[in-house]
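All remarks here apply to the structure that follows.
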Amino acid sequence: MDRVEFTNRTLSLLRKAAAHFVREESLLGTYCDFDQICIPISKLMCGWEGQEDMKQIDHKMLVDALSTQGGVKEYIVPFWQMVGGTETDPDCKGYFIHVTNGQQKVVEGKRQRVYKIGCVMGEGAEPETVPGKNNHPLKDGLRLRDFKLSKDELWVGMRDQLTKFLRERKGTAAQLKKDNAKKAQKSKLEKAKEDNAKRSRPGTAKSADSAKSKESGSSPSKKKGKRRKRPQHTELKAEIEKMRVAMTKLVHELLEKLKEDNMENYTEDHLRADEDAPQMSASVQQQRQPPQTLSYILNGRAGKFTKDLSVLTLKDLEDGLLPLEENENDIAARTREKTQLKQQKYGATTVWVPAAATVIGKHVLTTMQQQIEIVKKLQGLFSSEQSSFSQQALRIMTMFGLHNMGGSDEGMEMLIAGVLKALFHDIGFELDSNSLGAGVPSRRTIARQEKKLMVDCLLHAVREMTADQIKYLFLIVDHGKRNGIEHFVKLVRWGGFDDKGNWVIKQFCLDMDMSGHTAKSAAEAIQHSLKKLEMAGLNLGTVEVGAFGITGDAGGGASVQNIFPLLIEGKVLNDCATIVNCQMHGLNNCLSTALIAAFGDAGLNHNNVVQAAYVYVRMMKKLKEDVGNDGLKEIHECIVERTKTNQAWKNEANWQNRDNFEVFMTTMMDAIEDDDEEKLLCVLEEHYKNVQDPVFSRWMSVIKTLKVFIKHWTSIYFLAVTVKQSTIRQKSSLLASYAESLIGHMSTRPLQEEYNILLDGDSTEQIEIPPTLYAQGLWILAIAESFFERHFNFLMHYDSKFGEDSFGHVARLYPERVYTMHLDIKRLEEGGWKVDPAFAEYMKIVAKFPSQSEAFNDEIKDGGRAFFSHAQNVFFQNFRSQFNKHVASCVRTTATLDATSKSAPNTARILPYIIGGNPELAREFLYWLWSAEECGDETLMVDGDEVGVYDGFQHSFGSKEIVLDHNEGDLPPFKIKTDECLEYLTEGVDPFELLQIPLIRDNKDLLWQMALQTSDTTVDIFDSETWSEGRNFEPVLNVVHKRVAAHCCHGQGVENHVQSAGHVRKTNVGEERGSHRGTAHSYIIRRFNQRGVLQLRSEKDNEEEKKKIKRIWGRKRIIYFANFVDEFAGIVEAATAAMDRDKYKALCEYIGSEESRQSSKETRQLINKVRGGVDKVRKVTKSEMAGGVEVTADMDGGIYFSILTKKNGFESHVDAEIRKRGIESRLTSSLEETPIGEKLKLLKQQAKLDAAAAGRTGDPNFIIPQSEEMKSLYGRQREIMAEKRAKKS
């Protein structure tokens, strides 16, 4: 295609308008025919609505406007040149216009001229030709109701120019039309003269010659040259014209005479001009006009005839009237005579119609009739006493309603009513409120539709499973408690194909019913849930289809390892099923257990960096509730300013954490000096926005929070100081307690008593001792950077071979990944962390702790070097132990299992999945199995002792250094040796057991070919170029997709559904309905969100723009979801029609019934158990006795600690109470030397013990006196408390 250039001299206003129009967002990248854009440009850009003074843009105008000087029919031109802009204009830059203006092309097998225009972004791109006008955004260019200009500002200043242009063209066109009409008339007359000149009269020489020729049989002689005109023709013509005028005049005179005399009995012969006139020659008759058709209206009646219309009579018109209907009467005749007619235009034709009527086209009438039918149907929907919406319509409402699961049924009902009322208002459809109320679906109908939608989802899923030809299903289960309600969520996943035939992983949520936490109860609940699939048409438990794996948590009574054998025993899982405990939980357990062992657990009375971070988050949340984000920003700005200018704060900051303070000030000063308010705001906001509570059981929350806490240590410390200072008189406030606790955590360090805060005026020199908890935080973050985050993120990643929706489905790569984790842990525990850059900051801080050479004991309890030296060892010991228990055991176990062991054998673990991983490792693993089979399975004898099959088989793996690339972006790939990897993975594994599992046994021929391929290239099942000639490994690839990759390595997906279970039951719906909602929401909304994002990304050319799309919003969401609903409905209706009606009815009855829910069975068992207590013999126990009434301190049941002050003179009473109780020995010094605060602290401990003995919990604020001195204070206490109440009032 040629590239042309336009200059401002050749700028065309219409060309500019066309270029702007096709650059609209909805048309960008799409070709538009000239005919499609004529009316849209006229109406949308010029405001043309059929005005007589404006010309509508037509095809020819566009052809002329887009023509080039050189006559190029197909060309490209920069957008800025087309519109007269500049190349640097950001609104024009990068856009190009493609024009095809009359180029001949073959379209649908026919050669024709093509006229089209389109705009694209980028010179190398080309607009798309949309097949079929119904698929085009403009349709045929006439239906513009849904098409809106997205950038109206582009037309400002141009609309008036276009309007003026079209008005000028209208005048020009009208004059041109008039001139053309005159030319056509003149041309017609000249042509008639020429025709007449060629004709001859009767009796001329030509006629005589022709007659003679016919008689003699010879042909007339042909004369060369031009025929000579006969002079008599012109004279004859003049004579005929004169006679015609005279005859016409005579006929009109006769007609007028007849009218005057009211003659009614004349005949056609008297008045027919043709017969009264003299006979004309044949040549004159040939000049008469040919017969014409006359359609007319006479006295309200229609008439029509065909004849020579040069002369008409009233009788002609009356005879030409069309017959009336048989039931015609005089009234109708009189009505017709009175009817007034008006002239009306229909297209290019003008007709007479009754004044009360109008002329419309057939297609318009058809459309109106269709619209009338629509209105009738609309009226019918609201004509009964209850909702009349069809099942299809109710499904649409329910599917759209899934976006409002947190809303009530009343809200849903009112939304539907509101939308309908607003729609009826705008279209002018009158409907009274009673009819609206009756027609809107009720809350009961809405509830029923949720159940039907769940059935629809089930049928849709089963139909997809059947289309995917599945053999293997995999379960993911998890217990959870949300909104005080227990849930047991069950998902099934399988390997299938998307619309384009790509490998993907699909899922379906069976239900979110409740069940107990015992293994037996969970196993039975899973069995009930799978029965739904069978009733929907899936042949579970047969050779064709089965459940071959399960993923779940490893904790609790219903842990996955406990329910696995029960599911095998109950035939819910296949005998050769595999088990995976959630590996996210597994890795998290490694970290949390090791941290708790080294630094302690989080919670009250614990002092470690995790608890400090927790207190920080709670303080920030409370502060944000009180002052908001803007208030926090203002407080932080004050802290920064104070730290920058106040020497006392600088001293305290250096004492608190010199290293972090220097980093903090550098960051702040850089932002201040650069006058970068945005950067400064980001720094200030980073540590109080979207920070999670650090909880060990919550994945990654500890690390994410610690990153913020450690980075902003200094500013967080001074924020706590500021909060404490502001609440110094409100020590009982929650904020004050958080602030004091946080300051205490952050100030913990070795030599704490000797190392106090430097106050104003104190110039004592101190050595630098960093906070202990700061070093703990650096250790945790170093572990995260060096090991944890990379491997944890791998588990959350998707497998690039099976689509971006396959999050967590990395099972084929997981055996080799476990080995890389083992290598990383081994490197760290053997001291490799000391040279790891991630630990550099930690080592720098620990080196600043005092050592024994500095006259410091350096014991572990001091939290110094000895503490961290021991903590490092404890951390790695516990980490390794948990790794072997929860992570490595997922792949294989090295333990010897007996017949009574409940632990899954190696045949149920995922080591064989390695056949879908790295080709070199797969080859060595398969060669190991092949060698075992070749060795045989007979027991060997060594020195007279029997040696087991596994013990007697020896094998050496091939050694080769390979690179493992696990699609981790910029992270460096792992380099390992094949022999070391497989020796670790196969430790304790019996190859003869693995040879019996179907995954190996049923595919043995192809697997052995992979193991024994002799070519230099190792077989990669994902790369057919590595397959030897004549070999096809697609069956193995299919097994890896459907049997291996579909088994998820973690339970994140089901965890999300547990969260959703609480969300869909916010409105306190019951177990059954909550489960239906959850299933529908999972299958429709989650599925749509994934597909919608991928679809929207596919429409973007820029990779950066694609990455930004995380969710689909607004208009696009509505468009895509509406299409999704239509597609879903089509499949569901086909599946429903294909299903036996009795089976469909049975399925609907089973879903939601007590039989389908394990909780119903458990509830009945509990009721029966409680009812059993009625028949038992009554026994009275000591625990039934309340132990007396509670007497408060105000009732003289105790003395408040708040009045026991030195100021009130009650220290002697406190001493007497301590002596009476005999607890003086617990004080560190004598009773007289001990401050009253320490004494009260001791009494508070005693009061707490007294309360616990009485069965009361909490910290009491009074003590029950035992000494007489303390009892004597009751009267004085009443007086003091009365004074306090009086002050408050």
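Note on naming: chains are A, B, ... as they come in the structure tokens, residues start from 1 per chain, ligands start from 1 in the order shown.
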
Legend entry - DSSP alpha helix (DSSP H) selection over segment 534-694 of chain A, as a ChimeraX atom specification: /A:534-535,560-569,583-599,609-645,647-673,677-685

Legend entry - Contacts of Met465 of chain A within 10 Å, only C-alpha atoms, excl. fewer than 6 positions in-chain, as a list in words: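 Neighbouring residues, sequence-local ones excluded: Leu459, Lys471, Tyr472, Leu473, Arg493, Trp494, Gly495, Gly496, Phe497, Lys506, Gln507, Leu538 and Val545 of chain A.
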
Which residues are close to segment 51-60 of chain A, i.e. within 10 Å by only C-alpha atoms, leaving aside same-chain residues fewer than 4 positions away? Reply as a tab-separated table (two decimals) with C-alpha atoms, in the first residue's frame.
```tsv
chain	number	residue	atom	x	y	z
A	14	LEU	CA	-14.87	16.42	4.83
A	33	ASP	CA	-17.26	1.37	4.18
A	34	PHE	CA	-17.93	4.84	2.78
A	35	ASP	CA	-21.67	4.11	2.81
A	36	GLN	CA	-21.51	3.21	6.52
A	37	ILE	CA	-20.11	6.54	7.66
A	38	CYS	CA	-22.13	8.97	5.49
A	39	ILE	CA	-25.14	9.23	7.81
A	40	PRO	CA	-23.16	8.93	11.11
A	41	ILE	CA	-20.87	11.83	10.14
A	42	SER	CA	-23.87	13.87	8.94
A	43	LYS	CA	-25.87	13.29	12.11
A	46	CYS	CA	-22.93	18.03	11.77
A	47	GLY	CA	-26.29	17.72	13.52
A	64	ASP	CA	-14.11	13.22	-4.09
A	65	ALA	CA	-12.80	14.29	-0.68
A	66	LEU	CA	-10.49	11.28	-0.34
A	115	TYR	CA	-14.46	1.98	-0.88
A	163	THR	CA	-22.80	22.68	8.86
A	164	LYS	CA	-21.92	25.66	6.68
A	165	PHE	CA	-20.20	23.35	4.19
A	166	LEU	CA	-23.28	21.11	3.84
A	167	ARG	CA	-25.61	24.10	3.49
A	168	GLU	CA	-23.49	25.46	0.67
A	169	ARG	CA	-23.48	22.04	-0.98
A	170	LYS	CA	-27.25	21.90	-0.68
A	171	GLY	CA	-27.60	25.11	-2.76
A	172	THR	CA	-25.00	23.94	-5.22
A	173	ALA	CA	-26.65	20.57	-5.51
A	174	ALA	CA	-30.10	22.06	-6.08
```

Close residues, Ala739 of chain A itself excluded, 8 Å, only C-alpha atoms, min 6 positions apart in chain, as a PDB file with N, CA, C and O atoms, in the first residue's frame:
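Written out: out.pdb:
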```pdb
ATOM      1  N   MET A 619      -1.987   0.024  66.837  1.00  0.00           N
ATOM      2  CA  MET A 619      -1.933   1.453  67.161  1.00  0.00           C
ATOM      3  C   MET A 619      -2.267   2.295  65.932  1.00  0.00           C
ATOM      4  O   MET A 619      -3.009   3.282  66.020  1.00  0.00           O
ATOM      5  N   ALA A 720       4.992   6.584  68.267  1.00  0.00           N
ATOM      6  CA  ALA A 720       4.558   6.018  69.547  1.00  0.00           C
ATOM      7  C   ALA A 720       4.853   6.979  70.690  1.00  0.00           C
ATOM      8  O   ALA A 720       4.034   7.157  71.615  1.00  0.00           O
ATOM      9  N   VAL A 721       6.041   7.629  70.641  1.00  0.00           N
ATOM     10  CA  VAL A 721       6.384   8.613  71.665  1.00  0.00           C
ATOM     11  C   VAL A 721       5.379   9.763  71.647  1.00  0.00           C
ATOM     12  O   VAL A 721       4.902  10.227  72.688  1.00  0.00           O
ATOM     13  N   VAL A 723       2.265   9.760  70.540  1.00  0.00           N
ATOM     14  CA  VAL A 723       0.968   9.302  71.030  1.00  0.00           C
ATOM     15  C   VAL A 723       0.978   9.205  72.547  1.00  0.00           C
ATOM     16  O   VAL A 723       0.029   9.623  73.236  1.00  0.00           O
ATOM     17  N   LYS A 724       2.057   8.668  73.099  1.00  0.00           N
ATOM     18  CA  LYS A 724       2.145   8.549  74.559  1.00  0.00           C
ATOM     19  C   LYS A 724       2.114   9.924  75.215  1.00  0.00           C
ATOM     20  O   LYS A 724       1.418  10.137  76.212  1.00  0.00           O
TER      21      LYS A 724
END
```

Legend entry - Length of the atom CA of Lys377 of chain A to atom CA of Ala447 of chain A vector [Å]: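 According to the coordinates, atom CA of Lys377 of chain A and atom CA of Ala447 of chain A are separated by 25.2 Å.
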
Legend entry - Spatial neighbours of segment 586-588 of chain A, max dist 8 Å, only C-alpha atoms, sep filter under 3 positions, as a ChimeraX atom specification: /A:581-583,591-592,696-697,699-700,788,792,882-883,886-887

Legend entry - Shortest interatomic distance to Thr518 of chain A - which of A:Lys315, A:His479, A:Lys249, A:Lys848, counting only C-alpha atoms: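 Residue with the minimum atom-to-atom distance to Thr518 of chain A: A:His479.
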
Inset, instruction - May I ask for the distance between atom CA of Leu324 of chain A and atom CA of Pro354 of chain A, given in Å to one decimal place? - result: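 Atom-to-atom, atom CA of Leu324 of chain A and atom CA of Pro354 of chain A are spaced 17.5 Å apart.
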
Inset, instruction - Do a neighbour search on Val455 of chain A at 12 Å with only C-alpha atoms, toss out local chain neighbours closer than 5 positions, and write the hits as a ChimeraX atom specification. - result: /A:395,448-450,460-462,509-511,532-533,535-536,1075-1077,1079-1080,1083,1132-1133,1135-1136,1144-1152

Residues from the last selection, N, CA and C atoms, saved as a CSV table (one decimal), in the first residue's frame:
```
chain,number,residue,atom,x,y,z
A,395,ARG,N,-33.4,-16.3,35.1
A,395,ARG,CA,-32.0,-16.7,35.1
A,395,ARG,C,-31.1,-15.5,34.9
A,448,ARG,N,-35.7,-19.1,45.1
A,448,ARG,CA,-35.9,-20.3,44.3
A,448,ARG,C,-34.9,-20.3,43.1
A,449,GLN,N,-34.8,-19.1,42.5
A,449,GLN,CA,-34.0,-19.0,41.3
A,449,GLN,C,-32.5,-19.3,41.6
A,450,GLU,N,-32.0,-19.0,42.8
A,450,GLU,CA,-30.7,-19.2,43.2
A,450,GLU,C,-30.4,-20.7,43.2
A,460,HIS,N,-24.0,-27.3,33.4
A,460,HIS,CA,-23.0,-26.7,32.6
A,460,HIS,C,-21.6,-27.4,32.8
A,461,ALA,N,-21.3,-27.5,34.1
A,461,ALA,CA,-19.9,-28.1,34.4
A,461,ALA,C,-19.8,-29.6,33.9
A,462,VAL,N,-20.9,-30.3,34.1
A,462,VAL,CA,-20.9,-31.7,33.7
A,462,VAL,C,-20.8,-31.8,32.1
A,509,CYS,N,-17.2,-25.6,42.1
A,509,CYS,CA,-17.4,-25.7,43.5
A,509,CYS,C,-18.6,-26.6,43.8
A,510,LEU,N,-18.4,-27.7,44.4
A,510,LEU,CA,-19.6,-28.7,44.6
A,510,LEU,C,-20.6,-28.1,45.6
A,511,ASP,N,-20.1,-27.5,46.7
A,511,ASP,CA,-21.0,-26.9,47.7
A,511,ASP,C,-20.1,-26.3,48.8
A,532,LYS,N,-23.8,-35.4,43.5
A,532,LYS,CA,-24.5,-34.4,42.7
A,532,LYS,C,-24.0,-34.6,41.2
A,533,LEU,N,-22.7,-34.8,41.1
A,533,LEU,CA,-22.1,-34.9,39.7
A,533,LEU,C,-22.7,-36.2,39.0
A,535,MET,N,-25.6,-37.6,39.6
A,535,MET,CA,-27.0,-37.4,39.3
A,535,MET,C,-27.1,-36.5,38.1
A,536,ALA,N,-26.1,-35.6,37.9
A,536,ALA,CA,-26.1,-34.7,36.7
A,536,ALA,C,-25.6,-35.4,35.5
A,1075,SER,N,-25.0,-22.2,50.3
A,1075,SER,CA,-24.2,-23.1,49.5
A,1075,SER,C,-24.6,-22.9,48.0
A,1076,HIS,N,-25.9,-22.7,47.7
A,1076,HIS,CA,-26.3,-22.5,46.3
A,1076,HIS,C,-25.6,-21.2,45.8
A,1077,ARG,N,-25.7,-20.2,46.6
A,1077,ARG,CA,-25.1,-18.9,46.2
A,1077,ARG,C,-23.6,-19.0,45.9
A,1079,THR,N,-21.8,-21.6,45.2
A,1079,THR,CA,-21.5,-22.4,44.0
A,1079,THR,C,-21.7,-21.6,42.7
A,1080,ALA,N,-22.9,-20.9,42.7
A,1080,ALA,CA,-23.1,-20.1,41.5
A,1080,ALA,C,-22.1,-18.9,41.3
A,1083,TYR,N,-18.8,-20.4,40.1
A,1083,TYR,CA,-18.7,-20.9,38.7
A,1083,TYR,C,-19.0,-19.8,37.7
A,1132,VAL,N,-26.7,-24.3,28.9
A,1132,VAL,CA,-27.6,-24.9,29.9
A,1132,VAL,C,-28.9,-25.4,29.3
A,1133,GLU,N,-29.5,-24.7,28.5
A,1133,GLU,CA,-30.8,-25.1,27.9
A,1133,GLU,C,-30.6,-26.3,27.0
A,1135,ALA,N,-28.3,-28.6,27.6
A,1135,ALA,CA,-28.0,-29.7,28.5
A,1135,ALA,C,-29.3,-30.2,29.2
A,1136,THR,N,-30.2,-29.2,29.5
A,1136,THR,CA,-31.4,-29.5,30.2
A,1136,THR,C,-32.4,-30.3,29.2
A,1144,TYR,N,-33.9,-35.1,35.8
A,1144,TYR,CA,-33.7,-33.7,36.2
A,1144,TYR,C,-34.5,-33.3,37.4
A,1145,LYS,N,-35.7,-33.9,37.5
A,1145,LYS,CA,-36.5,-33.6,38.7
A,1145,LYS,C,-35.9,-34.2,39.9
A,1146,ALA,N,-35.3,-35.4,39.8
A,1146,ALA,CA,-34.7,-36.0,41.0
A,1146,ALA,C,-33.4,-35.2,41.4
A,1147,LEU,N,-32.7,-34.7,40.4
A,1147,LEU,CA,-31.5,-33.9,40.7
A,1147,LEU,C,-31.9,-32.7,41.5
A,1148,CYS,N,-33.0,-32.0,41.1
A,1148,CYS,CA,-33.4,-30.7,41.7
A,1148,CYS,C,-33.9,-31.0,43.1
A,1149,GLU,N,-34.6,-32.2,43.3
A,1149,GLU,CA,-35.1,-32.5,44.6
A,1149,GLU,C,-33.9,-32.9,45.6
A,1150,TYR,N,-32.9,-33.5,45.0
A,1150,TYR,CA,-31.8,-34.0,45.9
A,1150,TYR,C,-30.9,-32.8,46.3
A,1151,ILE,N,-30.7,-31.8,45.5
A,1151,ILE,CA,-29.9,-30.7,45.8
A,1151,ILE,C,-30.6,-29.8,46.8
A,1152,GLY,N,-30.0,-29.6,48.0
A,1152,GLY,CA,-30.6,-28.8,49.0
A,1152,GLY,C,-31.5,-29.7,50.0
```

Legend entry - Residue nearest Lys650 of chain A among A:Thr714, A:Asn1056, A:Ser701, A:Asn629 (counting only C-alpha atoms): A:Thr714

Inset, instruction - Provide the atom CA of Asn660 of chain A to atom CA of Lys861 of chain A distance in Å, to one decimal place. - result: 24.7 Å
